[in-house]
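Here's the structure we're looking at; comments come further down.
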Amino acid sequence: MTTLGTGFLRARLWLRDHPLAFDGALAVAVLASMIAGSFTDPNAPNGPSFGTRTPEVASVVLMVLGAAVLVLRRRNPMAVLAATGALAIVEFVLVDPPAPVVMSAVIALYTVAATTDRPTTWRVGLLTMSVLAASAMLFGASPWYSQENLGVFAWTGMAGAAGDAVRSRRAFVDAIRERAERAERTREEEARRRVAEERLRIARDLHDVVAHHIALVNVQAGVAAHVMDKRPDQAKEALAHVREASRSALGELRATVGLLRQSGDPEAPTEPAPGLAVLGELVDKVRRAGLPVEVACADRLTPLPAAVDLAAYRVIQEALTNVQKHAGPGAKAEVSVIRVGETAEVTVLDNGTGRTEGAGTAADGGGHGLLGMRERVTALGGTLTAGPRYGGGFRVHAILPVKARTGEPESPGAAGRTGERP
């Protein structure tokens with residue numbers, strides 16, 4: 001049974017891929033049916049009988065022509081319908097009782113209905129039914145209400161209805177397939193968009209981590225090189241800071257890259273993302289690097305959503321890194337985090353005299369500090385402004401909505417101590 005079903009499926013697929021061969025086989029089958037029907041005498045004394053009648057030569061020629069025309073039914077359905085209809089009318093006129101040449105017109109009408117629209121099917125179908133039925137009634141010797149004449153009317157009507165039903169079903173299946181393909185494309189586009197957003201977020205985190213810690217390493221390495229000969233103890237302390245900053249950078253890089261791990265990869269870190277709860281540690285590192293920093297936070301600041309908490313921490317981290325790199329010697333920084341209504345405001349000020357205004361631009365060698373901060377804040381629905389201060393220095397000011405767009409929980413564990421004084 002399985003072998004038979006497989007063979008039938010293969011034959012069906014082959015005929016679908018070779019429509020001309022299918023139409024040729026259909027023409028042969030229709031011709032065989034017409035010839036078999038031509039041996040039937042519908043007017044026999046005891047009712048229709050088979051084998052008591054022999055078709056005339058003209059009928060055989062008309063049947064062969066009607067079947068042969070069906071091979072071209074897909075290329076020009078209307079022309080094939082006109083040709084088969086004309087052959088059927090000729091058969092009604094010349095022979096009584098006629099051979100079933102009208103069967104070829106029935107197949108042609110089905111093809112027209114299956115390949116055109118519904119209005120065309122109605123018009124052509126009614127015209128074909130009327131002309132063929134009228135020809136059978138007018139030129140035949142049987143009464144107009146005979147079974148043969150009514151059969152012509154019924155078969156042509158069923159052919160038109162069947163073709164219209166097949167066309168409607170094909171259109172329905174095509175519409176379902178198109179919707180499925182469109183939904184699949186939409187899912188793929190959404191997946192690609194989410195992947196791009198995740199890559200951008202990870203790139204921001206990597207940039208923030210690397211830029212901050214490399215700046216600390218750079219400053220402390222410069223201090224160590226400067227005091228190596230005269231103050232070896234201070235040089236050792238600076239190198240210790242370098243080692244600590246490097247260790248912290250590696251740890252955060254491992255945590256960030258761990259997001260890309262697959263389920264079967266070695267264990268990934270489970271520490272929460274940094275937030276304002278660990279702002280004190282960040283400020284201590286910056287102070288040990290030689291930059292005085294003052295922090296002003298509300299004693300009781302409402303916990304922020306995790307995404308907002310991380311964004312605020314990264315803005316402060318990047319801003320302090322820029323102060324270290326560009327503010328010049330003797331600079332000081334001030335950090336403040338306050339809650340204003342439904343927003344949290346983060347401000348980082350410095351009084352430096354260096355080229356802080358160039359931070360994050362192409363002048364730094366292609367850095368993306370301010371651009372990354374602005375994109376991170378904008379992604380949450382906030383705003384970030386950065387620019388020189390009147391009288392010298394630089395100011396970074398971020399306004400973050402407390403209700404982040406990301407749908408984060410309102411009281412995540414990582415931000416449970418937001419606003420803690422460092």
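By convention in this document, the chains of the structure tokens carry letters A, B, ... by their order, each chain's residues are numbered from 1, and ligands are numbered from 1 in the order they are shown.
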
Selection: 10 Å around A:Val95, only C-alpha atoms, excl. self and same-chain fewer than 6 positions, as a ChimeraX atom specification: /A:55-56,58-59,139-140

Those residues with N, CA, C and O atoms, as an mmCIF file, in the first residue's frame please?
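This went into result22.cif:
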```cif
data_model
loop_
_atom_site.group_PDB
_atom_site.id
_atom_site.type_symbol
_atom_site.label_atom_id
_atom_site.label_comp_id
_atom_site.auth_asym_id
_atom_site.auth_seq_id
_atom_site.Cartn_x
_atom_site.Cartn_y
_atom_site.Cartn_z
ATOM 1 N N PRO A 55 -20.752 4.463 -34.426
ATOM 2 C CA PRO A 55 -20.605 5.892 -34.767
ATOM 3 C C PRO A 55 -20.237 6.083 -36.227
ATOM 4 O O PRO A 55 -19.536 5.263 -36.830
ATOM 5 N N GLU A 56 -20.711 7.172 -36.785
ATOM 6 C CA GLU A 56 -20.379 7.492 -38.172
ATOM 7 C C GLU A 56 -18.960 8.055 -38.259
ATOM 8 O O GLU A 56 -18.372 8.502 -37.266
ATOM 9 N N ALA A 58 -17.973 10.809 -39.676
ATOM 10 C CA ALA A 58 -17.945 12.240 -39.350
ATOM 11 C C ALA A 58 -17.905 12.450 -37.844
ATOM 12 O O ALA A 58 -17.212 13.343 -37.333
ATOM 13 N N SER A 59 -18.649 11.620 -37.107
ATOM 14 C CA SER A 59 -18.646 11.741 -35.642
ATOM 15 C C SER A 59 -17.278 11.417 -35.068
ATOM 16 O O SER A 59 -16.784 12.092 -34.146
ATOM 17 N N PHE A 139 -32.015 20.811 -33.219
ATOM 18 C CA PHE A 139 -31.597 19.977 -34.348
ATOM 19 C C PHE A 139 -31.810 18.488 -34.115
ATOM 20 O O PHE A 139 -31.634 17.686 -35.038
ATOM 21 N N GLY A 140 -32.160 18.087 -32.921
ATOM 22 C CA GLY A 140 -32.376 16.671 -32.661
ATOM 23 C C GLY A 140 -33.817 16.261 -32.932
ATOM 24 O O GLY A 140 -34.746 17.074 -32.892
#
```

Strand (DSSP E) positions in stretch 117-365 of chain A, given as a ChimeraX atom specification: /A:293-297,333-340,343-350

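Pairwise distance (atom CA of A:Glu188, atom CA of A:Val173) equals 22.4 Å.
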
Polymer residues at most 6 Å from stretch 64-75 of chain A, only C-alpha atoms, same-chain spacing of 6 or more positions, as a PDB file with C-alpha atoms, in the first residue's frame:
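As a result, out-v5.pdb now contains:
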```pdb
ATOM      1  CA  ASP A  23      -3.376  17.633 -20.942  1.00  0.00           C
ATOM      2  CA  GLY A  24      -2.373  15.046 -23.543  1.00  0.00           C
ATOM      3  CA  ALA A  27      -7.375  14.383 -24.152  1.00  0.00           C
ATOM      4  CA  LEU A  31     -11.553  10.688 -26.547  1.00  0.00           C
ATOM      5  CA  THR A  84     -15.076  22.504 -28.965  1.00  0.00           C
ATOM      6  CA  SER A 104     -14.912  18.108 -24.996  1.00  0.00           C
TER       7      SER A 104
END
```

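Coordinates place atom CA of A:Ala215 at a distance of 13.2 Å from atom CA of A:Ala238.
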
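The shortest atom-to-atom distance to A:Asn322, with only C-alpha atoms taken into account, belongs to A:Ile214 out of A:Glu345, A:Leu400, A:Ile214, A:Ala154.
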
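We find atom CA of A:Val242 and atom CA of A:Val217 to be spaced 4.9 Å apart.
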
For stretch 373-382 of chain A: contacts at 12 Å, only C-alpha atoms, fewer than 3 positions along chain excluded, given as JSON, numbers by chain: {"A": [197, 198, 200, 201, 202, 203, 204, 205, 207, 208, 305, 306, 307, 308, 309, 310, 311, 312, 313, 314, 315, 316, 317, 318, 319, 322, 342, 343, 344, 345, 346, 359, 360, 367, 368, 369, 370, 385, 386, 396, 397, 398, 399, 400, 401, 402, 403, 404, 405, 406, 407, 408]}

Residues of stretch 26-127 of chain A in alpha helix (DSSP H), written as a PyMOL selection string: chain A and resi 26-38+57-69+77-94+102-115+118-127

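Shortest separation to A:Arg287 among A:Ser246, A:Ala161, A:Ile338, A:Val219 occurs at residue A:Val219, atoms counted being only C-alpha atoms.
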